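Raw contents of start.cif, mmCIF, C-alpha atoms:
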```cif
data_model
#
loop_
_atom_site.group_PDB
_atom_site.id
_atom_site.type_symbol
_atom_site.label_atom_id
_atom_site.label_comp_id
_atom_site.auth_asym_id
_atom_site.auth_seq_id
_atom_site.Cartn_x
_atom_site.Cartn_y
_atom_site.Cartn_z
ATOM 1 C CA MET A 1 -12.535 -12.619 16.990
ATOM 2 C CA ALA A 2 -15.112 -12.773 14.186
ATOM 3 C CA SER A 3 -13.949 -9.462 12.749
ATOM 4 C CA VAL A 4 -10.330 -10.679 12.739
ATOM 5 C CA HIS A 5 -11.387 -13.815 10.903
ATOM 6 C CA VAL A 6 -13.320 -11.821 8.282
ATOM 7 C CA SER A 7 -10.331 -9.489 7.793
ATOM 8 C CA ALA A 8 -8.051 -12.468 7.289
ATOM 9 C CA LEU A 9 -10.361 -13.933 4.658
ATOM 10 C CA CYS A 10 -10.592 -10.606 2.819
ATOM 11 C CA LEU A 11 -6.814 -10.287 2.782
ATOM 12 C CA LEU A 12 -6.483 -13.843 1.548
ATOM 13 C CA ALA A 13 -8.769 -13.023 -1.370
ATOM 14 C CA LEU A 14 -6.532 -10.075 -2.261
ATOM 15 C CA VAL A 15 -3.448 -12.273 -2.111
ATOM 16 C CA VAL A 16 -4.965 -14.899 -4.392
ATOM 17 C CA MET A 17 -6.035 -12.284 -6.956
ATOM 18 C CA ALA A 18 -2.592 -10.679 -6.895
ATOM 19 C CA GLN A 19 -0.441 -13.762 -7.374
ATOM 20 C CA GLY A 20 -2.795 -16.440 -8.602
ATOM 21 C CA ASP A 21 -2.119 -20.107 -8.066
ATOM 22 C CA SER A 22 1.284 -19.603 -6.404
ATOM 23 C CA LEU A 23 -0.400 -18.203 -3.262
ATOM 24 C CA GLU A 24 -3.829 -19.806 -3.433
ATOM 25 C CA ASN A 25 -3.104 -21.904 -0.327
ATOM 26 C CA SER A 26 -1.651 -19.045 1.725
ATOM 27 C CA PHE A 27 -3.158 -18.260 5.107
ATOM 28 C CA VAL A 28 -3.196 -14.555 6.076
ATOM 29 C CA VAL A 29 -3.285 -13.216 9.645
ATOM 30 C CA LYS A 30 -3.005 -9.682 11.019
ATOM 31 C CA ALA A 31 -0.024 -9.619 13.384
ATOM 32 C CA GLY A 32 -0.795 -6.350 15.194
ATOM 33 C CA THR A 33 1.581 -5.703 18.114
ATOM 34 C CA ARG A 34 1.854 -9.367 19.090
ATOM 35 C CA PHE A 35 5.498 -9.602 17.960
ATOM 36 C CA SER A 36 6.599 -6.054 18.863
ATOM 37 C CA SER A 37 9.334 -7.383 21.183
ATOM 38 C CA ARG A 38 11.251 -8.929 18.255
ATOM 39 C CA SER A 39 14.825 -7.639 18.206
ATOM 40 C CA TYR A 40 16.075 -5.797 15.133
ATOM 41 C CA THR A 41 19.472 -4.745 13.813
ATOM 42 C CA SER A 42 18.784 -1.271 12.376
ATOM 43 C CA MET A 43 16.097 1.265 11.466
ATOM 44 C CA LEU A 44 15.562 2.583 7.932
ATOM 45 C CA THR A 45 14.605 6.275 7.646
ATOM 46 C CA VAL A 46 14.492 8.989 4.983
ATOM 47 C CA PRO A 47 15.039 12.753 5.464
ATOM 48 C CA ASN A 48 12.025 14.091 3.541
ATOM 49 C CA GLY A 49 9.128 13.071 5.781
ATOM 50 C CA GLU A 50 6.720 15.832 6.802
ATOM 51 C CA GLN A 51 6.251 17.513 10.188
ATOM 52 C CA PHE A 52 2.673 16.828 11.257
ATOM 53 C CA GLY A 53 1.591 14.190 13.748
ATOM 54 C CA LEU A 54 3.409 11.814 16.074
ATOM 55 C CA TRP A 55 5.205 8.502 15.724
ATOM 56 C CA THR A 56 2.803 5.704 16.608
ATOM 57 C CA TRP A 57 3.308 2.112 17.704
ATOM 58 C CA PRO A 58 5.634 -0.317 15.906
ATOM 59 C CA GLU A 59 4.371 -3.588 14.483
ATOM 60 C CA MET A 60 6.802 -6.423 13.743
ATOM 61 C CA CYS A 61 6.753 -9.575 11.664
ATOM 62 C CA PRO A 62 7.165 -12.833 13.639
ATOM 63 C CA GLU A 63 10.652 -14.299 14.132
ATOM 64 C CA ASN A 64 12.170 -15.511 10.834
ATOM 65 C CA PHE A 65 9.461 -13.734 8.804
ATOM 66 C CA PHE A 66 10.321 -10.793 6.533
ATOM 67 C CA ALA A 67 8.321 -8.370 4.393
ATOM 68 C CA VAL A 68 7.888 -9.762 0.862
ATOM 69 C CA GLY A 69 5.173 -7.422 -0.389
ATOM 70 C CA PHE A 70 3.053 -4.401 0.471
ATOM 71 C CA SER A 71 -0.236 -2.595 -0.096
ATOM 72 C CA LEU A 72 -1.176 1.088 0.323
ATOM 73 C CA ARG A 73 -4.278 2.812 1.635
ATOM 74 C CA VAL A 74 -4.789 5.765 -0.721
ATOM 75 C CA GLU A 75 -7.420 8.475 -0.960
ATOM 76 C CA PRO A 76 -7.921 9.530 -4.619
ATOM 77 C CA ASN A 77 -7.956 13.144 -5.803
ATOM 78 C CA GLN A 78 -10.777 15.052 -4.104
ATOM 79 C CA TYR A 79 -10.909 17.762 -6.808
ATOM 80 C CA GLY A 80 -11.150 20.815 -4.562
ATOM 81 C CA GLY A 81 -11.922 18.931 -1.352
ATOM 82 C CA ASP A 82 -9.402 18.084 1.354
ATOM 83 C CA ASP A 83 -6.791 15.692 -0.083
ATOM 84 C CA THR A 84 -4.837 13.323 2.155
ATOM 85 C CA ALA A 85 -3.231 10.970 -0.441
ATOM 86 C CA LEU A 86 -1.312 8.186 1.372
ATOM 87 C CA ASN A 87 -3.087 7.002 4.527
ATOM 88 C CA GLY A 88 -1.464 3.670 5.306
ATOM 89 C CA ILE A 89 1.212 1.108 4.398
ATOM 90 C CA ARG A 90 0.602 -2.587 4.966
ATOM 91 C CA LEU A 91 3.505 -5.049 4.837
ATOM 92 C CA PHE A 92 3.034 -8.732 4.031
ATOM 93 C CA CYS A 93 5.459 -10.862 6.073
ATOM 94 C CA SER A 94 6.345 -14.424 5.129
ATOM 95 C CA GLN A 95 9.026 -17.070 4.904
ATOM 96 C CA ASN A 96 10.436 -18.513 1.692
ATOM 97 C CA ASP A 97 7.444 -20.672 0.800
ATOM 98 C CA ARG A 98 4.936 -17.824 1.396
ATOM 99 C CA SER A 99 2.353 -20.330 2.611
ATOM 100 C CA TYR A 100 1.651 -18.383 5.815
ATOM 101 C CA ILE A 101 1.471 -14.570 5.685
ATOM 102 C CA TYR A 102 1.226 -12.022 8.473
ATOM 103 C CA THR A 103 0.301 -8.374 7.886
ATOM 104 C CA VAL A 104 1.658 -5.380 9.818
ATOM 105 C CA GLU A 105 0.773 -1.725 9.261
ATOM 106 C CA SER A 106 1.182 0.325 12.493
ATOM 107 C CA ASN A 107 -1.320 3.205 12.594
ATOM 108 C CA THR A 108 -3.443 3.980 9.516
ATOM 109 C CA GLY A 109 -5.447 7.055 8.473
ATOM 110 C CA HIS A 110 -9.208 7.267 7.974
ATOM 111 C CA PHE A 111 -9.406 7.893 4.225
ATOM 112 C CA GLY A 112 -9.152 5.887 1.017
ATOM 113 C CA GLU A 113 -9.047 2.219 0.072
ATOM 114 C CA TRP A 114 -6.337 -0.446 0.079
ATOM 115 C CA THR A 115 -4.640 -1.125 -3.250
ATOM 116 C CA ASP A 116 -3.922 -4.631 -4.526
ATOM 117 C CA PRO A 117 -0.753 -6.111 -3.002
ATOM 118 C CA GLN A 118 2.572 -5.917 -4.832
ATOM 119 C CA TRP A 119 5.196 -8.612 -4.314
ATOM 120 C CA CYS A 120 8.918 -9.154 -4.681
ATOM 121 C CA PRO A 121 9.192 -11.929 -7.304
ATOM 122 C CA ASN A 122 11.867 -13.401 -5.050
ATOM 123 C CA GLY A 123 13.542 -12.290 -1.849
ATOM 124 C CA VAL A 124 12.422 -9.607 0.604
ATOM 125 C CA LEU A 125 12.019 -5.827 0.872
ATOM 126 C CA THR A 126 15.314 -4.169 1.826
ATOM 127 C CA SER A 127 15.053 -0.362 1.357
ATOM 128 C CA PHE A 128 12.551 2.373 0.489
ATOM 129 C CA GLN A 129 12.028 5.802 -1.047
ATOM 130 C CA LEU A 130 9.194 8.135 -0.021
ATOM 131 C CA ARG A 131 7.279 10.608 -2.197
ATOM 132 C CA VAL A 132 6.292 13.650 -0.124
ATOM 133 C CA GLU A 133 4.555 16.938 -0.873
ATOM 134 C CA PRO A 134 6.126 19.676 1.287
ATOM 135 C CA HIS A 135 4.083 21.834 3.662
ATOM 136 C CA GLN A 136 1.706 24.026 1.630
ATOM 137 C CA GLY A 137 1.512 26.937 4.064
ATOM 138 C CA LEU A 138 -1.260 28.252 6.289
ATOM 139 C CA PHE A 139 -4.038 28.170 3.678
ATOM 140 C CA GLY A 140 -2.778 25.308 1.485
ATOM 141 C CA ASP A 141 -3.992 21.710 1.341
ATOM 142 C CA ASP A 142 -1.356 19.439 2.901
ATOM 143 C CA THR A 143 -1.129 15.846 1.714
ATOM 144 C CA ALA A 144 2.361 15.023 3.116
ATOM 145 C CA ALA A 145 3.342 11.452 2.072
ATOM 146 C CA ASN A 146 1.893 10.464 -1.316
ATOM 147 C CA ASN A 147 3.603 7.260 -2.443
ATOM 148 C CA ILE A 148 6.458 4.856 -1.741
ATOM 149 C CA LYS A 149 8.946 2.664 -3.588
ATOM 150 C CA PHE A 150 10.614 -0.460 -2.212
ATOM 151 C CA ARG A 151 13.699 -2.279 -3.447
ATOM 152 C CA CYS A 152 13.716 -6.073 -3.219
ATOM 153 C CA SER A 153 16.789 -8.115 -2.327
ATOM 154 C CA SER A 154 16.469 -9.708 -5.788
ATOM 155 C CA ASN A 155 16.857 -6.151 -7.229
ATOM 156 C CA PRO A 156 13.410 -5.223 -8.632
ATOM 157 C CA VAL A 157 11.996 -1.862 -7.536
ATOM 158 C CA LEU A 158 8.273 -1.814 -6.706
ATOM 159 C CA GLU A 159 6.371 1.488 -6.803
ATOM 160 C CA GLY A 160 3.114 1.817 -4.913
ATOM 161 C CA ARG A 161 -0.145 2.941 -6.493
ATOM 162 C CA GLY A 162 -0.255 6.193 -4.555
ATOM 163 C CA MET A 163 -0.727 9.819 -5.607
ATOM 164 C CA SER A 164 1.654 12.024 -7.608
ATOM 165 C CA TRP A 165 1.965 15.229 -5.569
ATOM 166 C CA GLY A 166 5.432 16.103 -4.334
ATOM 167 C CA GLU A 167 8.737 14.476 -5.178
ATOM 168 C CA TYR A 168 10.668 11.372 -4.219
ATOM 169 C CA GLY A 169 13.540 11.971 -1.829
ATOM 170 C CA HIS A 170 16.717 9.933 -1.371
ATOM 171 C CA TRP A 171 16.666 6.173 -0.908
ATOM 172 C CA SER A 172 17.036 4.919 2.629
ATOM 173 C CA ALA A 173 19.954 2.776 3.646
ATOM 174 C CA GLY A 174 19.433 -0.919 2.957
ATOM 175 C CA CYS A 175 18.980 -3.905 5.227
ATOM 176 C CA THR A 176 21.989 -6.196 5.138
ATOM 177 C CA ASN A 177 21.935 -9.935 5.849
ATOM 178 C CA GLY A 178 18.162 -9.989 6.143
ATOM 179 C CA GLY A 179 15.351 -7.590 5.303
ATOM 180 C CA ILE A 180 12.558 -5.341 6.475
ATOM 181 C CA CYS A 181 10.711 -6.893 9.405
ATOM 182 C CA GLY A 182 8.681 -4.064 10.969
ATOM 183 C CA ILE A 183 7.006 -0.695 10.442
ATOM 184 C CA GLU A 184 6.229 2.455 12.421
ATOM 185 C CA THR A 185 4.244 5.377 10.983
ATOM 186 C CA LYS A 186 4.054 9.080 11.776
ATOM 187 C CA MET A 187 0.381 10.015 11.608
ATOM 188 C CA GLU A 188 -1.502 13.276 11.992
ATOM 189 C CA PRO A 189 -4.717 12.561 13.943
ATOM 190 C CA TYR A 190 -8.064 13.268 12.281
ATOM 191 C CA GLN A 191 -8.536 17.038 12.257
ATOM 192 C CA GLY A 192 -12.330 17.102 12.417
ATOM 193 C CA GLY A 193 -13.076 19.060 9.264
ATOM 194 C CA LEU A 194 -9.824 21.025 9.139
ATOM 195 C CA ASP A 195 -6.907 20.218 6.809
ATOM 196 C CA ASP A 196 -5.920 16.547 7.140
ATOM 197 C CA SER A 197 -2.543 15.284 5.948
ATOM 198 C CA SER A 198 -2.783 11.768 7.465
ATOM 199 C CA LEU A 199 0.466 9.772 6.948
ATOM 200 C CA ASN A 200 3.502 12.083 7.137
ATOM 201 C CA ASP A 201 6.477 9.737 7.501
ATOM 202 C CA VAL A 202 7.420 6.094 8.004
ATOM 203 C CA ARG A 203 10.378 4.088 9.241
ATOM 204 C CA PHE A 204 11.111 0.396 8.883
ATOM 205 C CA HIS A 205 12.967 -2.103 11.043
ATOM 206 C CA CYS A 206 15.659 -4.420 9.644
ATOM 207 C CA CYS A 207 16.154 -7.903 11.063
ATOM 208 C CA SER A 208 18.970 -10.338 10.438
ATOM 209 C CA SER A 209 18.322 -13.651 8.710
ATOM 210 C CA GLN A 210 20.641 -15.256 11.284
ATOM 211 C CA GLN A 211 18.216 -14.772 14.185
#
```
The structure in this file should be written as structure tokens.
Amino acid sequence: MASVHVSALCLLALVVMAQGDSLENSFVVKAGTRFSSRSYTSMLTVPNGEQFGLWTWPEMCPENFFAVGFSLRVEPNQYGGDDTALNGIRLFCSQNDRSYIYTVESNTGHFGEWTDPQWCPNGVLTSFQLRVEPHQGLFGDDTAANNIKFRCSSNPVLEGRGMSWGEYGHWSAGCTNGGICGIETKMEPYQGGLDDSSLNDVRFHCCSSQQ
């Protein structure tokens, strides 16, 4: 329990630095799989995810909470070492007043650090676009997913602070009458000194605001 409390305080510090006074009284908690039974209306996917790894467990925001921001775990350029680029995506789930925030991230890779959170100025996350480097062949260095963009229901597009290898694919479909409420990642397990690609693909759950 102590480690959970410390994590919550660290996340709260990030939130305060990112949005200043408007979120200084927010309380941040890691949701984990506690709300994984929440029903959803659709799943958002993109066709350009990479092939390595397996789909891991879903994590869902609580009922009536939706993703309003995100952070990425990114390994910087290793300059000749084994690059993995994007290792994790953390969603920040809240209600309109953003006074209480849950985080969900599904499985996360071993490498890199979390970037500062980015927030929809209003509204919730509704669709995404994934930047992916294609398979580099038998002797190449695979990084797979490198970065992500989200569209907010209030129209702004937020681009993560990931790496630049590969290209963005097509936008996913969008959530209607609600927003993104859950995440599931496709992760390659740690390869023990061989070529790691870490996060290869992601899909997001849509929930209705009428629940």
Quick check on the file I pasted: which residues fall under the PyMOL selection byres ((chain A and resi 110) around 9)? Write them as a VMD selection string.
chain A and resid 87 to 88 108 to 109 111 to 112 190 198
My list of candidates is A:Pro117, A:Gly182, A:Gly160, A:Gly69. Which is closest to Val202 in chain A when distances are computed with all atoms listed in the file?
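Result for the nearest residue to Val202 in chain A: A:Gly182.
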Could you tell me which residues the PyMOL selection byres ((chain A and resi 146) around 12) grabs in this file, written as a PyMOL selection string?
chain A and resi 48-50+72-77+83-89+129-134+142-145+147-149+159-169+197-202
Write out as number ranges by chain which residues come within 9 Å of Cys175 in chain A when counting all atoms listed in the file, dropping same-chain ones fewer than 6 positions away.
A: 41-44, 125-127, 153, 205-208
Computed interatomic separation between CA of Pro58 in chain A and CA of Thr176 in chain A (Å)
20.4 Å
If the PyMOL selection byres ((chain A and resi 92-104) around 10) were run on this exact file, what residues would it hold? Put them as a PyMOL selection string.
chain A and resi 8+11-12+15+22-33+35+58-71+89-91+105-107+117-119+122-125+180-184
Give me the residues within 7 Å of Leu54 in chain A as a PDB file with C-alpha atoms, in the frame of the given file, counting only C-alpha atoms and dropping any in the same chain fewer than 6 places off.
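Result written to out-v8.pdb:
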```
ATOM      1  CA  LYS A 186       4.054   9.080  11.776  1.00  0.00           C
ATOM      2  CA  MET A 187       0.381  10.015  11.608  1.00  0.00           C
ATOM      3  CA  GLU A 188      -1.502  13.276  11.992  1.00  0.00           C
TER       4      GLU A 188
END
```
Quick one: pull the distance between CA of Asp116 in chain A and CA of Pro189 in chain A, Å, one decimal.
25.2 Å
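Note that the spacing between CA of Leu194 in chain A and CA of Glu113 in chain A amounts to 20.9 Å.
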